[in-house]
Amino acid sequence: MSSIGKYINIKKKKETLKLIKNLKLLLRLDKKNIFNSLVNRAIQTLNNNGKIVFFGNGGSASDAQHLATELTVRYKKNRKALAAISLVTDTSALTAIGNDFTFEHIFSRQIEAICSQDDLAIGITTSGNSKNILKAVKQCHKQTIPVFIFSGNNGGKVKLITKNIIPFPKTSTSQVQVMQIFFGQLFCEILEEKLT
């Protein structure tokens, strides 16, 4: 094996061990059972004909889109569709809001337009500091829409304005994204099992 191959294998092993350590830490950090509360709220929302609304920036936007699709289409088995949308997929809304207002409003404006108290909002952020995430959370509170946040950076600034945080430890952005999609997929799997 070349020295580059050995370096990659050693580096991957170290990253994998760090990821496992961070996942264990996350499970310990969730002392308030926020993840369990999220699952229960999602089941209640869907049973009451509400929808789950995901949002996030960059890689988190991709995760938001991915998780909404897992619910509306299928995760592991063919079953009834579960009501979920992502606020990152309507390019006309995103660009109009960004242009006519500011980029900070791209999620809060859509929440104002299409969400109700019967819905559940889930934000995904690696930093917990994005202004548009903070505004979205505040809009959810204004409309009394339940909101949960998957946040890196141990919650960042968003933990100061909402209590339903699933905090991911300070680590590299890529590792936070891996942990977030892991818990997002687990969330989808549990919903699929409980609701179908």
# chains A, B, ... in the order shown; residues from 1 in each chain; ligands from 1
>>> residues_around(residues="stretch 101-115 of chain A", least_positions_apart="4", cutoff="6 Å", atoms="only C-alpha atoms", output="list in words")
Leu94, Ile97, Lys131, Asn132, Lys135, Ala136 and Gln139 of chain A
>>> write_last_selection(atoms="N, CA and C atoms", output="PDB file, in the first residue's frame")
ATOM      1  N   LEU A  94     -37.365  31.558  -2.922  1.00  0.00           N
ATOM      2  CA  LEU A  94     -36.068  31.893  -2.327  1.00  0.00           C
ATOM      3  C   LEU A  94     -35.464  33.153  -2.939  1.00  0.00           C
ATOM      4  N   ILE A  97     -37.809  36.364  -2.226  1.00  0.00           N
ATOM      5  CA  ILE A  97     -37.690  36.824  -0.842  1.00  0.00           C
ATOM      6  C   ILE A  97     -36.306  37.431  -0.612  1.00  0.00           C
ATOM      7  N   LYS A 131     -28.529  33.815  10.479  1.00  0.00           N
ATOM      8  CA  LYS A 131     -29.599  34.777  10.737  1.00  0.00           C
ATOM      9  C   LYS A 131     -30.944  34.296  10.215  1.00  0.00           C
ATOM     10  N   ASN A 132     -30.947  33.605   9.072  1.00  0.00           N
ATOM     11  CA  ASN A 132     -32.234  33.153   8.544  1.00  0.00           C
ATOM     12  C   ASN A 132     -32.820  32.010   9.374  1.00  0.00           C
ATOM     13  N   LYS A 135     -34.306  33.836  12.462  1.00  0.00           N
ATOM     14  CA  LYS A 135     -35.575  34.483  12.110  1.00  0.00           C
ATOM     15  C   LYS A 135     -36.687  33.455  11.928  1.00  0.00           C
ATOM     16  N   ALA A 136     -36.361  32.300  11.367  1.00  0.00           N
ATOM     17  CA  ALA A 136     -37.362  31.240  11.185  1.00  0.00           C
ATOM     18  C   ALA A 136     -37.876  30.752  12.534  1.00  0.00           C
ATOM     19  N   GLN A 139     -40.174  33.310  13.976  1.00  0.00           N
ATOM     20  CA  GLN A 139     -41.473  33.294  13.283  1.00  0.00           C
ATOM     21  C   GLN A 139     -42.316  32.124  13.767  1.00  0.00           C
TER      22      GLN A 139
END
>>> select_by_dssp(residues="stretch 89-191 of chain A", states="strand (DSSP E or B)", output="MDAnalysis selection string")
chainID A and resid 120:125 147:151 165:167
>>> closest_atom_pairs(of="stretch 97-176 of chain A", to="stretch 73-86 of chain A", cutoff="10 Å", atoms="only C-alpha atoms", output="Markdown table")
| residue | atom | partner | partner_atom | distance |
| --- | --- | --- | --- | --- |
| A:Phe107 | CA | A:Ser86 | CA | 9.9 |
| A:Asp119 | CA | A:Ala84 | CA | 9.5 |
| A:Leu120 | CA | A:Ala84 | CA | 9.3 |
| A:Ala121 | CA | A:Ser86 | CA | 9.7 |
| A:Ile122 | CA | A:Ser86 | CA | 9.5 |
| A:Gly123 | CA | A:Ser86 | CA | 9.9 |
>>> write_last_selection(atoms="N, CA and C atoms", output="CSV table (one decimal), in the first residue's frame")
chain,number,residue,atom,x,y,z
A,107,PHE,N,-36.7,31.8,5.0
A,107,PHE,CA,-37.5,30.8,5.7
A,107,PHE,C,-38.7,31.4,6.5
A,119,ASP,N,-48.7,22.3,12.3
A,119,ASP,CA,-47.5,21.8,11.7
A,119,ASP,C,-46.3,21.7,12.7
A,120,LEU,N,-45.2,21.1,12.2
A,120,LEU,CA,-44.0,21.0,13.0
A,120,LEU,C,-42.8,21.5,12.1
A,121,ALA,N,-42.0,22.4,12.6
A,121,ALA,CA,-40.9,22.9,11.8
A,121,ALA,C,-39.6,22.3,12.4
A,122,ILE,N,-38.7,21.9,11.5
A,122,ILE,CA,-37.4,21.3,11.9
A,122,ILE,C,-36.3,22.0,11.1
A,123,GLY,N,-35.5,22.8,11.9
A,123,GLY,CA,-34.3,23.5,11.2
A,123,GLY,C,-33.1,22.6,11.4
>>> residues_around(residues="A:Asn40", least_positions_apart="2", cutoff="12 Å", atoms="only C-alpha atoms", output="list in words")
Asn33, Ile34, Phe35, Asn36, Ser37, Leu38, Ala42, Ile43, Gln44, Thr45, Leu46, Asn47, Leu120, Pro146, Phe148, Phe187, Ile190, Leu191, Lys194 and Leu195 of chain A
>>> atom_distance(atom1="atom CA of A:Ser127", atom2="atom CA of A:Leu87")
18.7 Å
>>> closest_residue(among="A:Val39, A:Ala93, A:Leu67, A:Ile124", to="A:Phe55", atoms="only C-alpha atoms")
A:Ile124
>>> select_by_dssp(residues="stretch 7-188 of chain A", states="helix (DSSP H, G or I)", output="number ranges by chain")
A: 7-29, 34-47, 59-72, 91-100, 103-105, 108-114, 131-142, 153-160, 173-188
>>> closest_residue(among="A:Thr89, A:Val137, A:Glu192, A:Asn153", to="A:Pro169", atoms="only C-alpha atoms")
A:Asn153
>>> atom_distance(atom1="atom CA of A:Gly56", atom2="atom CA of A:Ser130")
9.2 Å
>>> closest_residue(among="A:Lys138, A:Ser62, A:Lys51, A:Val158", to="A:Gly184", atoms="only C-alpha atoms")
A:Ser62
>>> closest_residue(among="A:Arg41, A:Lys159, A:Gly50, A:Gly58", to="A:Ser174", atoms="only C-alpha atoms")
A:Gly58
>>> closest_residue(among="A:Ala96, A:Ile181, A:Ile161, A:Val147", to="A:Ala64", atoms="only C-alpha atoms")
A:Ile181
>>> closest_residue(among="A:Thr126, A:Gln175, A:Gln185, A:Thr162", to="A:Gly59", atoms="only C-alpha atoms")
A:Thr126
